[in-house]
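Take a look at the structure set out below.
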Amino acid sequence: MNLQGKVAVVTGAAGGIGEAVVRTFARAGAAVVLGDVRSEQGESVAAAIRAEGGRATFVLHDASREDGWERILDEAITEFGGLDVLVNNAAIEQTCFLENITLEDIEALMAVNVTGVLLGHKHAVRRMKPGGTAGRGGAIVNLSSVAGLIGTPGLGVYSASKGAVRLLTKAAAVEFGRLGHGIRVNSIHPGLVETEMGAKLLGDFVALGMFKDQDDAYAQMKAASPLGVTSLPQDIANAALYLASDLARTVSGTELVCDGAMTVS
Ligand SMILES: NC(=O)c1ccc[n+]([C@@H]2O[C@H](COP(=O)([O-])OP(=O)(O)OC[C@H]3O[C@@H](n4cnc5c(N)ncnc54)[C@H](O)[C@@H]3O)[C@@H](O)[C@H]2O)c1
């Protein structure tokens with residue numbers, strides 16, 4: 001499985017799953033453009049990839065803002081000569097019972113998790129489709145979640161956003177296919193992943209009184225998966241690598257669930 005000759009843009013690439021994705025893609029031969037709102041961490045991940053012989057550059061990019069999208073995608077084309085893969089990974093999490101949610105919090109989360117992903121599709125397809133400035137088709141991989149598949153108390157707003165990403169993925173897969181753009185679109189649905197967001201989620205569940213403490217939350221989340229596992233960022237990066245690669249040539253509109261069978265039991 002390799003990405004030789006491909007150029008990939010990954011949002012939220014300064015840490016967690018996004019960082020694992022760019023490191024994995026670079027090792028597989030892709031040139032990578034890292035976007036994130038955290039410059040210091042993003043620059044340092046890009047530098048580490050270059051130190052290992054990879055091709056990487058960081059762009060300060062807030063996925064919820066439209067002007068930034070043009071800049072980061074054009075950077076891929078001018079710096080590395082194309083745009084073949086977009087991974088819409090950036091997202092924020094928010095845990096709150098629905099009776100207490102605020103309009104401000106809903107709008108802030110939706111701006112990154114839904115609007116940002118929609119804008120990514122808009123600006124990527126314009127460049128990737130035949131006749132676009134990159135013009136050789138491509139693959140879009142969207143990070144949804146098991147929260148986009150099943151209900152969880154305290155995750156109403158986050159789940160609404162991840163459910164939206166799941167169906168946006170299918171709509172885009174059909175639209176880009178029918179219009180002959182040569183662009184595949186798929187979503188990944190992780191269960192708990194051991195990242196900053198994963199740790200915050202467990203802490204928030206404890207604060208809502210759903211678990212005794214952080215250890216109890218972790219143990220119960222693990223036990224909820226028949227395989228008895230949680231994911232590492234690398235597990236999700238491996239799934240993204242497959243969907244981005246030509247081995248997935250006929251795979252589009254699908255949802256790749258990485259949850260140790262949690263949502264099928
Ligand atoms: N960690 C989990 O348990 C888990 C489970 C299922 C799905 N996911 C999804 O996987 C993806 C990555 O999650 P993670 O665990 O690595 O999260 P994380 O919080 O550890 O990392 C997210 C990265 O996105 C960046 N980011 C936040 N807002 C941004 C914005 N507006 N523009 C650009 N970058 C921004 C952050 O700075 C950070 O570097 C997210 O879409 C998340 O919803 C995570």
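All residue names refer to the structure tokens as shown: chains lettered A, B, ... in order, residues numbered from 1 in each chain, ligands numbered from 1 in order.
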For range 5-18 of chain A, list every protein, DNA or RNA residue within 7 Å, evaluated using only C-alpha atoms, and leave out those in the same chain fewer than 3 positions away; present the list as a ChimeraX atom specification.
/A:21-22,29-36,38,41-42,45,63,76,80,82-90,195-196,233,236-237
Can I get the residues of range 141-165 of chain A within 12 Å of range 200-203 of chain A, each with the closest pair of atoms and their distance in Å to one decimal, using only C-alpha atoms, sorted chain first then ascending number, as JSON lines?
{"residue": "A:Ala147", "atom": "CA", "partner": "A:Leu201", "partner_atom": "CA", "distance": 11.9}
{"residue": "A:Thr152", "atom": "CA", "partner": "A:Leu201", "partner_atom": "CA", "distance": 11.7}
{"residue": "A:Pro153", "atom": "CA", "partner": "A:Leu201", "partner_atom": "CA", "distance": 11.9}
{"residue": "A:Gly154", "atom": "CA", "partner": "A:Leu201", "partner_atom": "CA", "distance": 9.9}
{"residue": "A:Leu155", "atom": "CA", "partner": "A:Leu201", "partner_atom": "CA", "distance": 9.4}
{"residue": "A:Tyr158", "atom": "CA", "partner": "A:Leu201", "partner_atom": "CA", "distance": 11.0}
Record the distance separating CA of Phe176 in chain A and CA of Arg55 in chain A, expressed in Å with one decimal.
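Value for the CA of Phe176 in chain A-CA of Arg55 in chain A distance: 28.6 Å.
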Give me, as a ChimeraX atom specification, the residues of range 57-119 of chain A that a backbone DSSP run labels strand (DSSP E or B).
/A:57-60,85-88
Shell around Glu255 in chain A at 8 Å using only C-alpha atoms, local window under 3 positions removed, as a PyMOL selection string:
chain A and resi 166+186-189
Quick check for you: according to DSSP on this backbone, which residues of range 9-117 of chain A are classed as alpha helix (DSSP H)? Reply as a VMD selection string.
chain A and resid 16 to 27 39 to 51 66 to 80 103 to 110 116 to 117
